[in-house]
Amino acid sequence: MTTTRVTVQGAAPYDVVIGRHLLGELPALLGPKVRRVLVMHPASLAATGEAVREDLTAQGYEAFAVELPDAEEQKTAQVAAFCWQVLGQADFTRSDAIVSVGGGATTDLAGFVAATWLRGIKVVHVPTTLLGMVDAAVGGKTGINTAEGKNLVGAFHPPAGVLCDLASLASLDRWDLVAGLAEVVKTGFIADPRILELVEEHHADLKDWKGADASEETWAVLAELVERSVAVKARVVGEDLTEQGLREILNYGHTFGHAVELVERYQWRHGAAVAVGMVFVAELARLAGKLPDDVVARHRAILESLGLPTSYRGDRWDQLLAAMRRDKKSRGDLLRFVVLDGVARPVRLEGPDPTLLAAAYAEVSKEPPTGAPGVSVQLG
Ligand SMILES: NC(=O)c1ccc[n+]([C@@H]2O[C@H](COP(=O)([O-])OP(=O)(O)OC[C@H]3O[C@@H](n4cnc5c(N)ncnc54)[C@H](O)[C@@H]3O)[C@@H](O)[C@H]2O)c1
Ligand SMILES: O=C(O)C(=O)C[C@@H](O)[C@H](O)[C@H](O)COP(=O)(O)O
Ligand SMILES: [Zn+2]
């Protein structure tokens with residue numbers, strides 16, 4: 001396949017490179033001054049992380065590696081503090097760099113460590129999940145969680161480059177692929193309807209992701225979905241890095257989705273929570289008289305065709321509401337949502353009546369699962 005480059009504009013423009021076997025591109029993204037590199041990867045990607053470290057060593061860098069806890073467990077102040085200790089003990093200076101190798105949780109944590117070490121050193125992301133490629137690695141939002149909520153501590157720190165090696169997706173669990181598709185579908189609803197058509201046409205093969213054994217056609221569809229999603233994200237963050245306005249559209253479905261993640265103690269995948277969050281906010285828009293029934297139904301149909309959840313237990317409203325109040329789009333006591341008034345027509349809904357919010361929750365509610373309270377499943 002051909003290699004595609006999408007340039008993200010801003011104070012320091014950078015490239016998102018999409019293709020296969022792209023490690024050779026790393027030195028160019030790091031630039032000529034970098035001497036030491038810390039490769040940050042989760043334990044589950046130890047072999048890949050070590051391969052990247054060895055490759056960098058072979059290219060003349062002094063390369064170190066740090067192994068992180070898996071998934072959301074790494075997005076904590078304790079893990080960040082451990083990484084600062086590693087950087088300190090290895091004498092990392094402002095002309096050194098971090099390379100993240102992993103999913104969105106890793107790019108978020110590594111980006112945050114890079115943003116804070118010496119008040120900011122270079123980071124290059126090598127996302128290995130679909131979600132990381134289409135969303136998390138691009139745009140410079142970095143962060144960690146606190147006990148009170150998701151991504152409550154962080155910084156805007158754009159990378160020096162992003163390498164999306166599609167070959168990484170061969171080993172991805174099908175539920176992690178599908179979770180990444182939730183952000184792809186989000187991008188379709190907020191900005192690129194062709195994405196929705198592609199998912200509608202190919203949902204069965206995408207849902208039944210066969211990794212290395214997937215057909216050429218499925219790989220080609222996936223490549224197009226990555227390219228289209230990255231193009232939208234690049235355009236939005238190029239115009240509004242620090243989320244003064246436009247960038248909020250990328251948060252579609254996240255107000256409720258992040259609340260579900262917190263209530264479920266991060267046992268739900270981010271993409272799965274965002275899927276329910278999009279249905280919640282589509283229902284909210286419908287109840288507010290902004291969105292027609294058929295577009296709401298289209299949300300459910302597309303997400304369900306991929307096996308993503310579109311409902312959530314009905315007995316958690318108080319906790320969800322408390323978590324939504326801490327959403328970054330809130331202003332004082334005012335809850336703010338990104339909603340649609342049509343496909344690819346995002347608008348804001350500010351301070352909706354509490355009865356409207358409760359009614360939208362009722363539309364996505366289902367019976368609480370049987371079994372011990374608090375037991376949750378990963379995809380709803
Ligand atoms: N900063 C942003 O703009 C942004 C955007 C979207 C999401 N996010 C964040 O991204 C995170 C979710 O990202 P994610 O879905 O990639 O989750 P993740 O990073 O937890 O990765 C999911 C799982 O896939 C495994 N994995 C990673 N690469 C693999 C590979 N190639 N083969 C096999 N397994 C692999 C990981 O070890 C993990 O268990 C959340 O924390 C979310 O808040 C950030
Ligand atoms: O890049 C953005 O901006 C987004 O909102 C993308 C989201 O998919 C992503 O999950 C992001 O981390 C959420 O940001 P937050 O500001 O709500 O924590
Ligand atoms: Zn997200």
# chains A, B, ... in the order shown; residues from 1 in each chain; ligands from 1

$ residues_around --residues "Pro32 in chain A" --least-positions-apart "5" --cutoff "12 Å" --atoms "only C-alpha atoms" --output "MDAnalysis selection string"
chainID A and resid 26:27 59:61 95:97

$ write_last_selection --atoms "C-alpha atoms" --output "mmCIF file, in the first residue's frame"
data_model
loop_
_atom_site.group_PDB
_atom_site.id
_atom_site.type_symbol
_atom_site.label_atom_id
_atom_site.label_comp_id
_atom_site.auth_asym_id
_atom_site.auth_seq_id
_atom_site.Cartn_x
_atom_site.Cartn_y
_atom_site.Cartn_z
ATOM 1 C CA LEU A 26 11.318 7.777 13.143
ATOM 2 C CA PRO A 27 14.686 9.627 12.925
ATOM 3 C CA GLN A 59 20.478 4.195 14.472
ATOM 4 C CA GLY A 60 22.837 5.786 16.992
ATOM 5 C CA TYR A 61 20.476 6.999 19.738
ATOM 6 C CA SER A 95 16.995 18.055 23.455
ATOM 7 C CA ASP A 96 15.921 14.469 24.222
ATOM 8 C CA ALA A 97 12.627 12.791 23.367
#

$ closest_atom_pairs --of "chain A" --to "ligand 2" --cutoff "6 Å" --atoms "only C-alpha atoms and all ligand atoms" --output "tab-separated table"
residue	atom	partner	partner_atom_place_in_ligand_line	distance
A:Asp135	CA	ligand 2	8 (O)	6.0
A:Gly139	CA	ligand 2	1 (O)	5.9
A:Lys141	CA	ligand 2	1 (O)	5.9
A:Asn151	CA	ligand 2	18 (O)	4.7
A:Arg247	CA	ligand 2	3 (O)	5.5
A:Leu250	CA	ligand 2	5 (O)	4.4
A:Asn251	CA	ligand 2	5 (O)	3.9
A:Lys328	CA	ligand 2	16 (O)	5.9

$ atom_distance --atom1 "CA of Glu363 in chain A" --atom2 "CA of Phe189 in chain A"
19.6 Å

$ select_by_dssp --residues "range 23-98 of chain A" --states "alpha helix (DSSP H)" --output "PyMOL selection string"
chain A and resi 26-30+46-58+77-89

$ residues_near_ligand --ligand "ligand 1" --cutoff "8 Å" --atoms "only C-alpha atoms and all ligand atoms" --output "number ranges by chain"
A: 42-45, 70-72, 75, 101-108, 127-132, 135-143, 150-151, 168-173, 176, 179-180, 183, 269-271

$ residues_around --residues "range 329-338 of chain A" --least-positions-apart "3" --cutoff "9 Å" --atoms "only C-alpha atoms" --output "list of chain:residue names"
A:Glu248, A:Ile249, A:Leu250, A:Asn251, A:Tyr252, A:Gly253, A:His254, A:Thr255, A:Val281, A:Met324, A:Arg325, A:Arg326, A:Pro346, A:Val347, A:Arg348, A:Leu349, A:Glu350, A:Gly351, A:Pro352

$ closest_residue --among "A:Val339, A:Val364, A:Val134, A:Ile302" --to "Lys290 in chain A" --atoms "only C-alpha atoms"
A:Val339

$ closest_residue --among "A:Leu284, A:Val199, A:Ala273, A:Ile121" --to "ligand 3" --atoms "only C-alpha atoms and all ligand atoms"
A:Ala273

$ closest_residue --among "A:Leu30, A:Leu198, A:Ile144, A:Ala214" --to "Ala167 in chain A" --atoms "only C-alpha atoms"
A:Ala214

$ residues_around --residues "Leu222 in chain A" --least-positions-apart "3" --cutoff "10 Å" --atoms "only C-alpha atoms" --output "ChimeraX atom specification"
/A:130,166,169,181,198-199,202,206,216-219,225-228

$ select_by_dssp --residues "range 42-123 of chain A" --states "strand (DSSP E or B)" --output "JSON, numbers by chain"
{"A": [42, 62, 63, 64, 65, 66, 67, 68, 97, 98, 99, 100, 101, 102, 122, 123]}

$ closest_residue --among "A:Glu148, A:Glu239, A:Glu261, A:Asp294" --to "ligand 3" --atoms "only C-alpha atoms and all ligand atoms"
A:Glu261

$ closest_residue --among "A:Lys233, A:His21, A:Arg119, A:Arg313" --to "ligand 3" --atoms "only C-alpha atoms and all ligand atoms"
A:Lys233

$ decode --residues "range 6-31 of chain A" --atoms "N, CA and C atoms" --output "PDB file, in the first residue's frame"
ATOM      1  N   VAL A   6      -0.507  13.225   6.370  1.00  0.00           N
ATOM      2  CA  VAL A   6      -1.457  14.309   6.651  1.00  0.00           C
ATOM      3  C   VAL A   6      -0.718  15.296   7.548  1.00  0.00           C
ATOM      4  N   THR A   7      -0.650  16.528   7.121  1.00  0.00           N
ATOM      5  CA  THR A   7       0.055  17.523   7.938  1.00  0.00           C
ATOM      6  C   THR A   7      -0.936  18.227   8.857  1.00  0.00           C
ATOM      7  N   VAL A   8      -0.581  18.272  10.136  1.00  0.00           N
ATOM      8  CA  VAL A   8      -1.401  19.002  11.109  1.00  0.00           C
ATOM      9  C   VAL A   8      -0.798  20.397  11.262  1.00  0.00           C
ATOM     10  N   GLN A   9      -1.591  21.398  10.963  1.00  0.00           N
ATOM     11  CA  GLN A   9      -1.088  22.768  11.021  1.00  0.00           C
ATOM     12  C   GLN A   9      -1.042  23.262  12.471  1.00  0.00           C
ATOM     13  N   GLY A  10      -0.333  24.366  12.691  1.00  0.00           N
ATOM     14  CA  GLY A  10      -0.212  24.925  14.036  1.00  0.00           C
ATOM     15  C   GLY A  10       1.131  25.592  14.179  1.00  0.00           C
ATOM     16  N   ALA A  11       1.475  25.936  15.435  1.00  0.00           N
ATOM     17  CA  ALA A  11       2.736  26.636  15.678  1.00  0.00           C
ATOM     18  C   ALA A  11       3.925  25.807  15.193  1.00  0.00           C
ATOM     19  N   ALA A  12       3.829  24.493  15.383  1.00  0.00           N
ATOM     20  CA  ALA A  12       4.875  23.580  14.889  1.00  0.00           C
ATOM     21  C   ALA A  12       4.184  22.458  14.113  1.00  0.00           C
ATOM     22  N   PRO A  13       3.962  22.670  12.822  1.00  0.00           N
ATOM     23  CA  PRO A  13       3.242  21.650  12.033  1.00  0.00           C
ATOM     24  C   PRO A  13       3.959  20.296  12.092  1.00  0.00           C
ATOM     25  N   TYR A  14       3.199  19.230  12.039  1.00  0.00           N
ATOM     26  CA  TYR A  14       3.798  17.886  12.056  1.00  0.00           C
ATOM     27  C   TYR A  14       3.005  16.960  11.160  1.00  0.00           C
ATOM     28  N   ASP A  15       3.647  15.839  10.808  1.00  0.00           N
ATOM     29  CA  ASP A  15       3.008  14.887   9.899  1.00  0.00           C
ATOM     30  C   ASP A  15       2.460  13.687  10.645  1.00  0.00           C
ATOM     31  N   VAL A  16       1.290  13.237  10.205  1.00  0.00           N
ATOM     32  CA  VAL A  16       0.770  11.930  10.595  1.00  0.00           C
ATOM     33  C   VAL A  16       1.003  11.043   9.381  1.00  0.00           C
ATOM     34  N   VAL A  17       1.859  10.034   9.556  1.00  0.00           N
ATOM     35  CA  VAL A  17       2.210   9.162   8.438  1.00  0.00           C
ATOM     36  C   VAL A  17       1.401   7.874   8.574  1.00  0.00           C
ATOM     37  N   ILE A  18       0.701   7.504   7.515  1.00  0.00           N
ATOM     38  CA  ILE A  18      -0.158   6.310   7.551  1.00  0.00           C
ATOM     39  C   ILE A  18       0.339   5.338   6.482  1.00  0.00           C
ATOM     40  N   GLY A  19       0.690   4.126   6.905  1.00  0.00           N
ATOM     41  CA  GLY A  19       1.197   3.158   5.921  1.00  0.00           C
ATOM     42  C   GLY A  19       1.572   1.875   6.633  1.00  0.00           C
ATOM     43  N   ARG A  20       2.617   1.237   6.141  1.00  0.00           N
ATOM     44  CA  ARG A  20       3.083  -0.010   6.753  1.00  0.00           C
ATOM     45  C   ARG A  20       4.590   0.026   6.927  1.00  0.00           C
ATOM     46  N   HIS A  21       5.034  -0.562   8.027  1.00  0.00           N
ATOM     47  CA  HIS A  21       6.466  -0.696   8.303  1.00  0.00           C
ATOM     48  C   HIS A  21       7.153   0.666   8.202  1.00  0.00           C
ATOM     49  N   LEU A  22       6.819   1.525   9.142  1.00  0.00           N
ATOM     50  CA  LEU A  22       7.216   2.937   9.050  1.00  0.00           C
ATOM     51  C   LEU A  22       8.351   3.333   9.988  1.00  0.00           C
ATOM     52  N   LEU A  23       8.918   2.332  10.718  1.00  0.00           N
ATOM     53  CA  LEU A  23       9.913   2.706  11.734  1.00  0.00           C
ATOM     54  C   LEU A  23      11.090   3.503  11.170  1.00  0.00           C
ATOM     55  N   GLY A  24      11.404   3.263   9.913  1.00  0.00           N
ATOM     56  CA  GLY A  24      12.499   3.994   9.264  1.00  0.00           C
ATOM     57  C   GLY A  24      12.253   5.492   9.243  1.00  0.00           C
ATOM     58  N   GLU A  25      10.991   5.891   9.444  1.00  0.00           N
ATOM     59  CA  GLU A  25      10.638   7.323   9.408  1.00  0.00           C
ATOM     60  C   GLU A  25      10.949   8.023  10.741  1.00  0.00           C
ATOM     61  N   LEU A  26      11.195   7.214  11.790  1.00  0.00           N
ATOM     62  CA  LEU A  26      11.318   7.777  13.143  1.00  0.00           C
ATOM     63  C   LEU A  26      12.416   8.848  13.266  1.00  0.00           C
ATOM     64  N   PRO A  27      13.639   8.600  12.778  1.00  0.00           N
ATOM     65  CA  PRO A  27      14.686   9.627  12.925  1.00  0.00           C
ATOM     66  C   PRO A  27      14.290  10.970  12.312  1.00  0.00           C
ATOM     67  N   ALA A  28      13.623  10.936  11.167  1.00  0.00           N
ATOM     68  CA  ALA A  28      13.235  12.206  10.531  1.00  0.00           C
ATOM     69  C   ALA A  28      12.244  12.957  11.415  1.00  0.00           C
ATOM     70  N   LEU A  29      11.337  12.228  12.066  1.00  0.00           N
ATOM     71  CA  LEU A  29      10.357  12.893  12.947  1.00  0.00           C
ATOM     72  C   LEU A  29      11.017  13.396  14.229  1.00  0.00           C
ATOM     73  N   LEU A  30      12.015  12.651  14.710  1.00  0.00           N
ATOM     74  CA  LEU A  30      12.696  13.080  15.943  1.00  0.00           C
ATOM     75  C   LEU A  30      13.559  14.322  15.684  1.00  0.00           C
ATOM     76  N   GLY A  31      14.072  14.415  14.473  1.00  0.00           N
ATOM     77  CA  GLY A  31      14.905  15.586  14.141  1.00  0.00           C
ATOM     78  C   GLY A  31      16.354  15.350  14.514  1.00  0.00           C
TER      79      GLY A  31
END
